[in-house]
$ cat work_22.csv   # CSV, C-alpha atoms
chain,number,residue,atom,x,y,z
B,19,MET,CA,-19.3,-41.5,73.4
B,20,PRO,CA,-19.7,-42.2,69.6
B,21,GLU,CA,-23.2,-42.1,68.2
B,22,GLN,CA,-24.5,-45.6,67.5
B,23,LEU,CA,-25.6,-46.3,63.9
B,24,PRO,CA,-29.0,-47.8,63.3
B,25,PRO,CA,-29.1,-51.6,62.8
B,26,GLY,CA,-28.0,-52.6,59.2
B,27,PHE,CA,-26.0,-49.4,58.5
B,28,GLU,CA,-22.7,-50.7,59.7
B,29,SER,CA,-22.0,-52.6,56.5
B,30,LEU,CA,-22.9,-49.5,54.4
B,31,ALA,CA,-20.6,-47.3,56.4
B,32,ALA,CA,-17.8,-49.7,55.9
B,33,SER,CA,-18.2,-49.7,52.1
B,34,ARG,CA,-15.7,-47.6,50.1
B,35,ALA,CA,-18.4,-46.8,47.6
B,36,TYR,CA,-19.6,-44.0,50.0
B,37,PHE,CA,-16.2,-42.5,50.6
B,38,THR,CA,-15.1,-39.3,48.8
B,39,GLN,CA,-13.7,-40.3,45.4
B,40,GLU,CA,-11.3,-38.5,43.0
B,41,SER,CA,-13.0,-37.2,39.9
B,42,THR,CA,-12.1,-39.0,36.7
B,43,LEU,CA,-14.2,-37.0,34.2
B,44,ALA,CA,-13.1,-37.4,30.6
B,45,VAL,CA,-12.0,-34.3,28.8
B,46,GLU,CA,-13.9,-34.0,25.6
B,47,THR,CA,-12.0,-32.7,22.6
B,48,ARG,CA,-13.7,-30.1,20.4
B,49,LYS,CA,-11.6,-30.8,17.4
B,50,ARG,CA,-13.4,-32.3,14.4
B,51,LYS,CA,-12.3,-34.1,11.3
B,52,LEU,CA,-13.1,-32.2,8.1
B,53,PHE,CA,-14.4,-33.6,4.8
B,54,ILE,CA,-13.6,-31.0,2.1
B,55,GLY,CA,-14.7,-31.1,-1.5
B,56,LEU,CA,-12.9,-29.3,-4.4
B,57,PRO,CA,-15.1,-29.3,-7.5
B,58,ARG,CA,-13.8,-28.6,-11.0
B,59,GLU,CA,-14.8,-25.0,-12.0
B,60,THR,CA,-17.2,-25.0,-15.0
B,61,THR,CA,-17.9,-21.2,-15.1
B,62,LEU,CA,-16.5,-19.4,-18.1
B,63,GLN,CA,-13.1,-17.9,-17.5
B,64,GLU,CA,-12.7,-19.3,-14.0
B,65,ASN,CA,-9.3,-21.0,-13.8
B,66,ARG,CA,-8.5,-20.8,-10.1
B,67,LEU,CA,-8.8,-23.4,-7.3
B,68,GLY,CA,-9.1,-23.0,-3.6
B,69,LEU,CA,-6.2,-25.2,-2.4
B,70,THR,CA,-2.8,-26.2,-3.7
B,71,PRO,CA,-1.5,-29.8,-3.5
B,72,GLU,CA,0.8,-28.6,-0.6
B,73,ALA,CA,-2.2,-27.3,1.3
B,74,VAL,CA,-4.1,-30.5,0.7
B,75,GLN,CA,-1.1,-32.5,2.0
B,76,HIS,CA,-1.0,-30.4,5.1
B,77,LEU,CA,-4.7,-31.0,5.8
B,78,VAL,CA,-4.6,-34.7,5.0
B,79,THR,CA,-1.6,-35.1,7.3
B,80,ALA,CA,-3.7,-33.5,10.1
B,81,GLY,CA,-6.3,-36.2,9.6
B,82,HIS,CA,-8.8,-34.5,7.3
B,83,GLU,CA,-10.3,-35.9,4.1
B,84,VAL,CA,-10.1,-34.1,0.8
B,85,VAL,CA,-11.9,-35.1,-2.4
B,86,LEU,CA,-11.0,-33.5,-5.7
B,87,GLU,CA,-12.9,-33.6,-9.0
B,88,ALA,CA,-10.6,-34.8,-11.8
B,89,GLY,CA,-9.1,-32.0,-13.8
B,90,ALA,CA,-9.9,-29.3,-11.2
B,91,GLY,CA,-6.3,-28.2,-10.9
B,92,GLU,CA,-5.3,-28.3,-14.6
B,93,PRO,CA,-6.0,-24.6,-15.3
B,94,SER,CA,-3.5,-23.8,-12.5
B,95,LYS,CA,-1.0,-26.3,-13.9
B,96,TYR,CA,-1.6,-28.8,-11.1
B,97,SER,CA,-2.2,-32.4,-12.2
B,98,ASP,CA,-4.5,-34.9,-10.6
B,99,HIS,CA,-1.4,-36.8,-9.8
B,100,ASN,CA,-0.1,-33.9,-7.8
B,101,TYR,CA,-3.2,-33.9,-5.7
B,102,SER,CA,-3.4,-37.7,-5.3
B,103,GLU,CA,0.2,-37.8,-4.2
B,104,ALA,CA,-0.7,-35.2,-1.6
B,105,GLY,CA,-3.4,-37.5,-0.2
B,106,ALA,CA,-6.6,-36.3,-2.0
B,107,GLN,CA,-9.1,-38.7,-3.4
B,108,VAL,CA,-9.6,-38.0,-7.1
B,109,VAL,CA,-13.2,-38.6,-8.3
B,110,TYR,CA,-14.8,-38.3,-11.7
B,111,SER,CA,-18.2,-36.7,-11.1
B,112,PRO,CA,-19.3,-33.5,-9.4
B,113,GLN,CA,-21.9,-35.5,-7.5
B,114,GLU,CA,-19.2,-37.3,-5.5
B,115,VAL,CA,-17.4,-34.0,-4.7
B,116,PHE,CA,-20.6,-32.4,-3.5
B,117,GLN,CA,-21.0,-35.2,-0.9
B,118,ALA,CA,-18.4,-33.4,1.2
B,119,ASP,CA,-19.3,-31.5,4.4
B,120,ILE,CA,-17.5,-28.4,3.2
B,121,VAL,CA,-17.5,-27.5,-0.5
B,122,LEU,CA,-14.8,-25.0,-1.4
B,123,LYS,CA,-15.3,-23.4,-4.8
B,124,VAL,CA,-14.1,-20.1,-6.4
B,125,ALA,CA,-17.1,-19.3,-8.6
B,126,PRO,CA,-20.6,-19.6,-7.1
B,127,PRO,CA,-22.1,-23.1,-7.8
B,128,THR,CA,-24.3,-23.4,-10.9
B,129,ARG,CA,-28.0,-24.3,-10.6
B,130,ASP,CA,-27.1,-27.9,-11.5
B,131,GLU,CA,-24.4,-28.0,-8.8
B,132,ILE,CA,-26.9,-26.6,-6.2
B,133,GLU,CA,-29.1,-29.6,-6.9
B,134,PHE,CA,-26.2,-31.9,-5.7
B,135,MET,CA,-26.1,-30.2,-2.3
B,136,ARG,CA,-27.8,-31.4,0.9
B,137,PRO,CA,-29.0,-29.8,4.2
B,138,GLY,CA,-26.3,-28.9,6.7
B,139,GLN,CA,-23.5,-28.6,4.1
B,140,THR,CA,-21.2,-25.6,4.1
B,141,LEU,CA,-20.5,-23.8,0.8
B,142,ILE,CA,-17.5,-21.4,0.7
B,143,SER,CA,-17.3,-19.6,-2.6
B,144,ALA,CA,-17.6,-16.1,-4.2
B,145,LEU,CA,-21.0,-14.5,-4.0
B,146,GLN,CA,-20.7,-12.0,-6.9
B,147,MET,CA,-23.3,-9.5,-6.0
B,148,GLY,CA,-23.3,-8.1,-9.5
B,149,THR,CA,-24.8,-11.2,-11.1
B,150,LEU,CA,-26.9,-12.4,-8.1
B,151,THR,CA,-30.6,-13.0,-8.4
B,152,ALA,CA,-33.4,-13.7,-5.9
B,153,GLU,CA,-34.1,-17.0,-7.6
B,154,TYR,CA,-30.5,-18.1,-7.0
B,155,ILE,CA,-30.6,-17.2,-3.3
B,156,ALA,CA,-33.9,-19.1,-3.0
B,157,ALA,CA,-32.4,-22.2,-4.6
B,158,LEU,CA,-29.7,-22.3,-2.0
B,159,GLN,CA,-32.2,-21.6,0.8
B,160,ARG,CA,-34.2,-24.6,-0.2
B,161,LYS,CA,-31.2,-26.8,0.3
B,162,LYS,CA,-30.8,-25.5,3.9
B,163,VAL,CA,-27.1,-25.0,3.5
B,164,ASN,CA,-24.6,-22.7,5.2
B,165,ALA,CA,-23.3,-20.3,2.4
B,166,ILE,CA,-20.3,-18.1,2.9
B,167,GLY,CA,-19.1,-15.5,0.4
B,168,PHE,CA,-15.4,-15.5,0.8
B,169,GLU,CA,-14.9,-12.0,-0.6
B,170,PHE,CA,-16.7,-10.7,2.6
B,171,ILE,CA,-14.6,-12.6,5.1
B,172,ARG,CA,-12.5,-10.3,7.2
B,173,ASP,CA,-9.3,-10.7,9.1
B,174,PRO,CA,-8.6,-9.4,12.7
B,175,SER,CA,-7.5,-6.0,11.2
B,176,GLY,CA,-10.9,-5.6,9.5
B,177,ALA,CA,-9.5,-6.0,6.0
B,178,MET,CA,-11.0,-8.5,3.5
B,179,PRO,CA,-8.0,-10.8,2.7
B,180,VAL,CA,-9.4,-12.4,-0.5
B,181,VAL,CA,-10.4,-9.1,-2.0
B,182,ARG,CA,-7.0,-7.7,-1.1
B,183,ALA,CA,-5.1,-10.6,-2.6
B,184,MET,CA,-7.0,-10.7,-5.9
B,185,SER,CA,-6.7,-6.9,-6.1
B,186,GLU,CA,-3.0,-7.1,-5.7
B,187,ILE,CA,-2.8,-9.6,-8.6
B,188,ALA,CA,-5.1,-7.6,-10.8
B,189,GLY,CA,-3.2,-4.4,-10.2
B,190,SER,CA,0.1,-6.0,-11.1
B,191,THR,CA,-1.4,-7.8,-14.1
B,192,VAL,CA,-3.0,-4.8,-15.7
B,193,MET,CA,0.3,-3.1,-16.4
B,194,LEU,CA,1.5,-6.3,-18.1
B,195,VAL,CA,-1.7,-6.2,-20.2
B,196,ALA,CA,-1.1,-2.5,-21.0
B,197,ALA,CA,2.5,-3.1,-22.1
B,198,GLU,CA,1.4,-6.0,-24.3
B,199,TYR,CA,-1.3,-4.0,-26.2
B,200,LEU,CA,0.8,-0.8,-26.5
B,201,ALA,CA,3.3,-2.7,-28.6
B,202,ARG,CA,3.1,-2.5,-32.4
B,203,SER,CA,2.8,-6.3,-32.6
B,204,ASN,CA,-0.7,-5.9,-31.2
B,205,GLU,CA,-1.5,-2.9,-33.4
B,206,GLY,CA,-0.9,-0.6,-30.5
B,207,LYS,CA,0.8,2.8,-30.4
B,208,GLY,CA,4.2,1.1,-30.8
B,209,ILE,CA,5.6,2.5,-27.6
B,210,ILE,CA,7.2,1.0,-24.5
B,211,LEU,CA,5.3,1.2,-21.2
B,212,GLY,CA,7.6,3.3,-19.1
B,213,GLY,CA,10.4,5.4,-20.5
B,214,ILE,CA,14.1,5.3,-21.4
B,215,THR,CA,16.8,8.0,-21.5
B,216,GLY,CA,16.0,10.8,-23.9
B,217,VAL,CA,12.4,9.6,-24.6
B,218,PRO,CA,9.4,11.0,-22.8
B,219,PRO,CA,7.7,8.5,-20.4
B,220,SER,CA,4.4,7.0,-21.2
B,221,GLN,CA,1.3,8.5,-19.5
B,222,VAL,CA,-0.8,6.3,-17.2
B,223,VAL,CA,-4.1,7.6,-15.6
B,224,ILE,CA,-5.7,5.5,-12.9
B,225,LEU,CA,-9.2,6.0,-11.6
B,226,GLY,CA,-9.5,4.9,-8.0
B,227,ALA,CA,-7.0,4.8,-5.2
B,228,GLY,CA,-7.5,1.3,-3.7
B,229,THR,CA,-5.4,-1.8,-3.8
B,230,VAL,CA,-5.7,-2.3,-7.5
B,231,ALA,CA,-4.5,1.3,-8.1
B,232,GLU,CA,-1.7,0.9,-5.6
B,233,TYR,CA,-0.2,-2.2,-7.3
B,234,ALA,CA,-0.8,-0.8,-10.8
B,235,ALA,CA,0.9,2.5,-9.9
B,236,ARG,CA,3.8,0.6,-8.3
B,237,ALA,CA,4.3,-1.4,-11.4
B,238,ALA,CA,4.0,1.6,-13.8
B,239,ILE,CA,6.3,3.8,-11.7
B,240,GLY,CA,8.9,0.9,-11.6
B,241,LEU,CA,8.9,0.8,-15.4
B,242,GLY,CA,9.4,4.6,-15.5
B,243,ALA,CA,5.9,5.7,-16.5
B,244,GLU,CA,4.3,9.0,-15.4
B,245,VAL,CA,1.3,8.1,-13.2
B,246,LYS,CA,-1.7,10.2,-12.3
B,247,VAL,CA,-4.4,9.0,-9.9
B,248,PHE,CA,-7.9,10.3,-9.5
B,249,ASP,CA,-10.3,9.5,-6.6
B,250,ASN,CA,-12.9,11.5,-4.6
B,251,HIS,CA,-11.6,10.1,-1.3
B,252,LEU,CA,-8.7,12.2,-0.1
B,253,TYR,CA,-7.8,9.8,2.6
B,254,LYS,CA,-7.3,7.1,0.0
B,255,LEU,CA,-5.1,9.4,-2.1
B,256,ARG,CA,-3.0,10.2,1.0
B,257,ARG,CA,-2.7,6.5,1.9
B,258,LEU,CA,-1.7,5.6,-1.7
B,259,LYS,CA,1.1,8.3,-1.7
B,260,HIS,CA,2.3,7.0,1.7
B,261,ASN,CA,2.3,3.4,0.7
B,262,LEU,CA,4.2,4.1,-2.5
B,263,GLY,CA,6.7,6.3,-0.7
B,264,THR,CA,7.0,8.7,-3.7
B,265,GLN,CA,5.5,12.0,-4.8
B,266,LEU,CA,2.6,11.3,-7.1
B,267,TYR,CA,0.1,13.4,-9.1
B,268,THR,CA,-3.3,12.9,-7.4
B,269,SER,CA,-6.6,14.7,-7.9
B,270,THR,CA,-10.3,14.4,-7.1
B,271,LEU,CA,-12.5,13.3,-10.0
B,272,ASP,CA,-12.7,16.8,-11.4
B,273,THR,CA,-14.2,16.5,-14.9
B,274,PHE,CA,-12.1,19.2,-16.5
B,275,ALA,CA,-8.7,18.0,-15.1
B,276,LEU,CA,-9.6,14.4,-15.8
B,277,SER,CA,-10.6,15.1,-19.4
B,278,GLN,CA,-7.2,16.9,-20.0
B,279,GLN,CA,-5.2,14.0,-18.6
B,280,ILE,CA,-7.2,11.3,-20.4
B,281,ARG,CA,-6.7,13.0,-23.7
B,282,ARG,CA,-2.9,12.8,-23.2
B,283,ALA,CA,-2.9,9.3,-21.7
B,284,ASP,CA,-1.4,6.2,-23.3
B,285,VAL,CA,-3.2,4.0,-20.7
B,286,VAL,CA,-6.3,4.6,-18.6
B,287,ILE,CA,-7.2,2.1,-15.9
B,288,GLY,CA,-10.6,2.1,-14.3
B,289,ALA,CA,-10.4,0.7,-10.8
B,290,LEU,CA,-13.2,2.5,-8.9
B,291,SER,CA,-15.0,0.5,-6.1
B,292,ILE,CA,-18.7,0.3,-6.0
B,293,GLU,CA,-20.4,2.6,-3.5
B,294,ASP,CA,-24.1,2.5,-2.6
B,295,GLY,CA,-24.7,-0.1,-5.2
B,296,ARG,CA,-23.1,1.7,-8.1
B,297,ILE,CA,-19.8,3.0,-9.5
B,298,PRO,CA,-19.4,6.6,-8.2
B,299,PHE,CA,-18.1,8.0,-11.6
B,300,MET,CA,-18.2,6.9,-15.2
B,301,VAL,CA,-16.0,8.3,-17.9
B,302,PRO,CA,-18.3,9.6,-20.7
B,303,GLU,CA,-17.9,8.5,-24.2
B,304,GLU,CA,-16.6,11.8,-25.5
B,305,MET,CA,-13.6,11.6,-23.2
B,306,VAL,CA,-12.7,8.2,-24.6
B,307,ALA,CA,-13.2,9.4,-28.1
B,308,SER,CA,-10.7,12.2,-27.4
B,309,MET,CA,-7.8,9.7,-26.7
B,310,ALA,CA,-5.1,9.1,-29.3
B,311,PRO,CA,-5.5,6.1,-31.6
B,312,GLY,CA,-3.9,3.0,-30.2
B,313,SER,CA,-4.3,4.1,-26.6
B,314,ILE,CA,-5.5,1.5,-24.0
B,315,VAL,CA,-8.5,1.5,-21.7
B,316,ILE,CA,-8.5,-1.3,-19.1
B,317,ASP,CA,-11.8,-1.5,-17.1
B,318,VAL,CA,-11.0,-3.5,-13.9
B,319,SER,CA,-14.5,-2.6,-12.6
B,320,ILE,CA,-16.4,-4.2,-15.5
B,321,ASP,CA,-17.9,-6.9,-13.3
B,322,GLN,CA,-19.5,-4.1,-11.2
B,323,GLY,CA,-20.8,-2.1,-14.1
B,324,GLY,CA,-17.7,-0.5,-15.4
B,325,CYS,CA,-15.9,2.9,-15.3
B,326,PHE,CA,-16.3,3.8,-18.9
B,327,GLU,CA,-19.4,4.5,-20.9
B,328,THR,CA,-17.8,2.6,-23.9
B,329,SER,CA,-17.0,-0.5,-21.9
B,330,GLU,CA,-18.4,-3.9,-22.9
B,331,MET,CA,-17.6,-7.1,-21.1
B,332,THR,CA,-15.0,-9.3,-22.9
B,333,SER,CA,-13.4,-12.6,-22.1
B,334,HIS,CA,-9.9,-14.2,-21.8
B,335,SER,CA,-10.3,-15.8,-25.2
B,336,GLN,CA,-11.4,-12.5,-26.8
B,337,PRO,CA,-10.1,-9.9,-24.4
B,338,ILE,CA,-10.2,-6.7,-26.5
B,339,PHE,CA,-12.3,-4.6,-28.8
B,340,ARG,CA,-11.7,-1.2,-30.4
B,341,LYS,CA,-13.9,1.8,-30.2
B,342,TYR,CA,-12.8,5.2,-31.6
B,343,ASP,CA,-9.6,3.3,-32.4
B,344,VAL,CA,-9.0,2.9,-28.6
B,345,VAL,CA,-8.2,-0.6,-27.4
B,346,HIS,CA,-10.7,-1.7,-24.7
B,347,TYR,CA,-9.7,-4.5,-22.3
B,348,CYS,CA,-12.8,-5.3,-20.2
B,349,VAL,CA,-12.2,-8.8,-18.9
B,350,PRO,CA,-13.7,-9.6,-15.5
B,351,ASN,CA,-11.8,-11.8,-13.1
B,352,ILE,CA,-8.3,-10.6,-14.3
B,353,ALA,CA,-6.7,-12.8,-11.6
B,354,SER,CA,-7.7,-15.9,-13.6
B,355,ARG,CA,-5.2,-14.7,-16.2
B,356,VAL,CA,-2.5,-15.9,-13.8
B,357,PRO,CA,-4.4,-18.8,-12.1
B,358,ARG,CA,-1.4,-20.5,-10.5
B,359,THR,CA,-0.5,-17.4,-8.6
B,360,ALA,CA,-4.1,-16.8,-7.7
B,361,THR,CA,-4.6,-20.4,-6.5
B,362,ASN,CA,-1.6,-20.1,-4.3
B,363,ALA,CA,-2.9,-16.8,-2.9
B,364,LEU,CA,-6.3,-18.3,-2.2
B,365,SER,CA,-4.8,-21.4,-0.6
B,366,ASN,CA,-2.8,-19.3,1.8
B,367,ILE,CA,-6.1,-17.7,3.0
B,368,PHE,CA,-8.3,-20.8,3.1
B,369,THR,CA,-5.9,-23.2,4.7
B,370,PRO,CA,-5.8,-21.3,8.1
B,371,ILE,CA,-9.6,-20.9,7.9
B,372,LEU,CA,-10.1,-24.6,7.5
B,373,GLN,CA,-7.7,-25.2,10.4
B,374,GLU,CA,-9.7,-22.8,12.6
B,375,ILE,CA,-12.9,-24.7,11.7
B,376,HIS,CA,-11.2,-27.9,12.8
B,377,GLN,CA,-9.8,-26.4,16.1
B,378,HIS,CA,-13.2,-25.0,17.1
B,379,GLY,CA,-15.1,-28.2,16.3
B,380,GLY,CA,-17.1,-27.3,13.3
B,381,ILE,CA,-18.7,-24.4,11.4
B,382,ASN,CA,-21.3,-23.6,14.1
B,383,GLU,CA,-18.6,-23.2,16.7
B,384,VAL,CA,-16.3,-21.1,14.6
B,385,LEU,CA,-19.1,-18.8,13.6
B,386,PHE,CA,-20.1,-18.4,17.3
B,387,THR,CA,-16.6,-17.4,18.3
B,388,ASN,CA,-15.2,-15.6,15.2
B,389,GLU,CA,-17.0,-12.4,14.1
B,390,HIS,CA,-14.6,-11.9,11.2
B,391,PHE,CA,-15.5,-15.2,9.6
B,392,ARG,CA,-19.1,-14.5,10.4
B,393,ALA,CA,-19.0,-11.4,8.1
B,394,GLY,CA,-19.0,-13.7,5.1
B,395,VAL,CA,-22.2,-15.7,5.9
B,396,TYR,CA,-25.2,-14.9,3.8
B,397,ILE,CA,-27.3,-18.1,4.3
B,398,TYR,CA,-27.3,-20.0,7.6
B,399,ARG,CA,-29.1,-23.3,7.6
B,400,GLY,CA,-31.4,-22.1,4.9
B,401,SER,CA,-32.2,-18.7,6.4
B,402,LEU,CA,-31.0,-15.6,4.6
B,403,THR,CA,-28.8,-13.5,6.9
B,404,ASN,CA,-27.4,-10.8,4.6
B,405,ALA,CA,-29.4,-7.6,5.1
B,406,ALA,CA,-28.1,-6.1,1.8
B,407,ILE,CA,-29.4,-9.0,-0.2
B,408,GLY,CA,-32.7,-9.0,1.7
B,409,LYS,CA,-33.3,-5.3,1.0
B,410,LYS,CA,-32.2,-5.5,-2.6
B,411,TYR,CA,-34.6,-8.3,-3.5
B,412,ASN,CA,-37.3,-7.7,-0.9
B,413,MET,CA,-36.6,-11.0,0.8
B,414,ARG,CA,-37.0,-11.9,4.5
B,415,TYR,CA,-33.8,-12.1,6.4
B,416,LYS,CA,-32.8,-12.9,10.0
B,417,GLU,CA,-30.1,-11.8,12.3
B,418,LEU,CA,-27.2,-14.3,12.1
B,419,GLY,CA,-26.1,-13.7,15.7
B,420,LEU,CA,-29.5,-14.7,17.0
B,421,LEU,CA,-29.7,-17.9,14.9
B,422,ILE,CA,-26.2,-19.0,16.0
B,423,ALA,CA,-27.0,-18.3,19.7
B,424,VAL,CA,-30.2,-20.4,19.5
B,425,ARG,CA,-28.2,-23.2,17.7
B,426,ASN,CA,-25.5,-23.2,20.4
$ encode --input "work_22.csv" --output "structure tokens"
Amino acid sequence: MPEQLPPGFESLAASRAYFTQESTLAVETRKRKLFIGLPRETTLQENRLGLTPEAVQHLVTAGHEVVLEAGAGEPSKYSDHNYSEAGAQVVYSPQEVFQADIVLKVAPPTRDEIEFMRPGQTLISALQMGTLTAEYIAALQRKKVNAIGFEFIRDPSGAMPVVRAMSEIAGSTVMLVAAEYLARSNEGKGIILGGITGVPPSQVVILGAGTVAEYAARAAIGLGAEVKVFDNHLYKLRRLKHNLGTQLYTSTLDTFALSQQIRRADVVIGALSIEDGRIPFMVPEEMVASMAPGSIVIDVSIDQGGCFETSEMTSHSQPIFRKYDVVHYCVPNIASRVPRTATNALSNIFTPILQEIHQHGGINEVLFTNEHFRAGVYIYRGSLTNAAIGKKYNMRYKELGLLIAVRN
């Protein structure tokens, strides 16, 4: 016999409100619209920009907002009209651009530009350790921003895509520079870079066996030059020979052998990477003095201190000087010599990064899930997170992973 319900419960039992119901929970999207600012570069010799008009159009079509400071694309031969047609809003003051949630620059912001920033913003730009100061880092910290040095961002393979791309450009470009200054029209030796039938090939010496060296050697060999590469890392020398697919003179940085080759060289390229805070080898002044008049020295590492004792920083407007009648080309940021190519290369890297930020729902979320992107962060919400900077300037720093975990 069925159990009798207490008086008054019959109506409640008959109500459908107490029956099992289907769940109708809303599925929350994690995607987030981005507001991206592209300021005009004011730093001397910086001609690149982070996004092309085609990339801007792609982002705007996906629902994002892009604001561009007037004239920002002109050094790369992109007009304001190109960007406005792509959907960007063109503004006429840096203050308006720095209202964006994500500010994408190439050169680090100036002190004046830092003052335009606000807490919670994300800055993606170069860090440039060689010119960094403790006061500069402190100024960014006071603004409580997220600061990301794009040269330290890694891809899933562990490589640094921005450094790789700019090094490819620099390596290819230095041989064009060398050819230009070897010619008689520029008071050079009056020889062709490379060689022709019946004429001995020009001699090119490269210090370093990284990406710059690889692309410089590829270009020089393609022109018919005789190339010799010096580096103290044998694995780099082996990798270089493998990548070029040709037999190549390689040597460690043996002082005697190097001095013999530099004396005979028409072109010497310094492309050594910084190690333990310094360039591992510097060509002494007497070696440079032994070179033939009109020979060329190109110091790609000048922004890190330089590979030659005779090096002095020059500019794109005044790129060379002579010492011991040897032409010295010591321009930092060689990629800015071909800004349209460099802008396209940067845009190919930054567009997927911005898309990933959108897909994950914001900077905090993408940092939490992507360790490769996290490698570029040096300030997170005002806290210094880069151990190398902290130790160099005796500044307090915190573990980024712990800060992100607490935030999430």
$ residues_around --input "work_22.csv" --residues "segment 71-78 of chain B" --least-positions-apart "5" --cutoff "10 Å" --atoms "all atoms listed in the file" --output "list in words"
Lys51, Leu52, Phe53, Ile54, Glu83, Val84, Val85, Leu86, Gly91, Tyr96, Ser97, Asp98, His99, Asn100, Tyr101, Ser102, Glu103, Ala104, Gly105, Ala106, Asn362, Ser365, Asn366, Phe368, Thr369, Pro370, Leu372 and Gln373 of chain B
$ atom_distance --input "work_22.csv" --atom1 "atom CA of Leu385 of chain B" --atom2 "atom CA of Val163 of chain B"
14.3 Å
$ closest_atom_pairs --input "work_22.csv" --of "segment 133-160 of chain B" --to "segment 173-193 of chain B" --cutoff "12 Å" --atoms "all atoms listed in the file" --output "JSON lines"
{"residue": "B:Ser143", "atom": "CA", "partner": "B:Val180", "partner_atom": "CA", "distance": 10.9}
{"residue": "B:Ala144", "atom": "CA", "partner": "B:Val180", "partner_atom": "CA", "distance": 9.7}
{"residue": "B:Gln146", "atom": "CA", "partner": "B:Val181", "partner_atom": "CA", "distance": 11.8}
$ closest_atom_pairs --input "work_22.csv" --of "segment 210-300 of chain B" --to "segment 309-333 of chain B" --cutoff "9 Å" --atoms "only C-alpha atoms" --output "tab-separated table"
residue	atom	partner	partner_atom	distance
B:Leu225	CA	B:Cys325	CA	8.3
B:Val230	CA	B:Val318	CA	8.4
B:Ile280	CA	B:Met309	CA	6.5
B:Arg281	CA	B:Met309	CA	4.6
B:Arg282	CA	B:Met309	CA	6.8
B:Ala283	CA	B:Met309	CA	7.0
B:Asp284	CA	B:Ser313	CA	4.9
B:Val285	CA	B:Ile314	CA	4.7
B:Val286	CA	B:Val315	CA	4.9
B:Ile287	CA	B:Ile316	CA	4.8
B:Gly288	CA	B:Asp317	CA	4.7
B:Ala289	CA	B:Val318	CA	5.3
B:Leu290	CA	B:Ser319	CA	6.4
B:Ser291	CA	B:Ser319	CA	7.2
B:Ile292	CA	B:Gln322	CA	6.9
B:Gly295	CA	B:Gln322	CA	8.9
B:Arg296	CA	B:Gly323	CA	7.5
B:Ile297	CA	B:Gly323	CA	6.9
B:Pro298	CA	B:Cys325	CA	8.7
B:Phe299	CA	B:Cys325	CA	6.7
B:Met300	CA	B:Cys325	CA	4.6
$ atom_distance --input "work_22.csv" --atom1 "atom CA of Val345 of chain B" --atom2 "atom CA of Ala196 of chain B"
9.7 Å
$ closest_residue --input "work_22.csv" --among "B:Thr70, B:Asn351, B:Asn250, B:Thr215" --to "His334 of chain B" --atoms "all atoms listed in the file"
B:Asn351
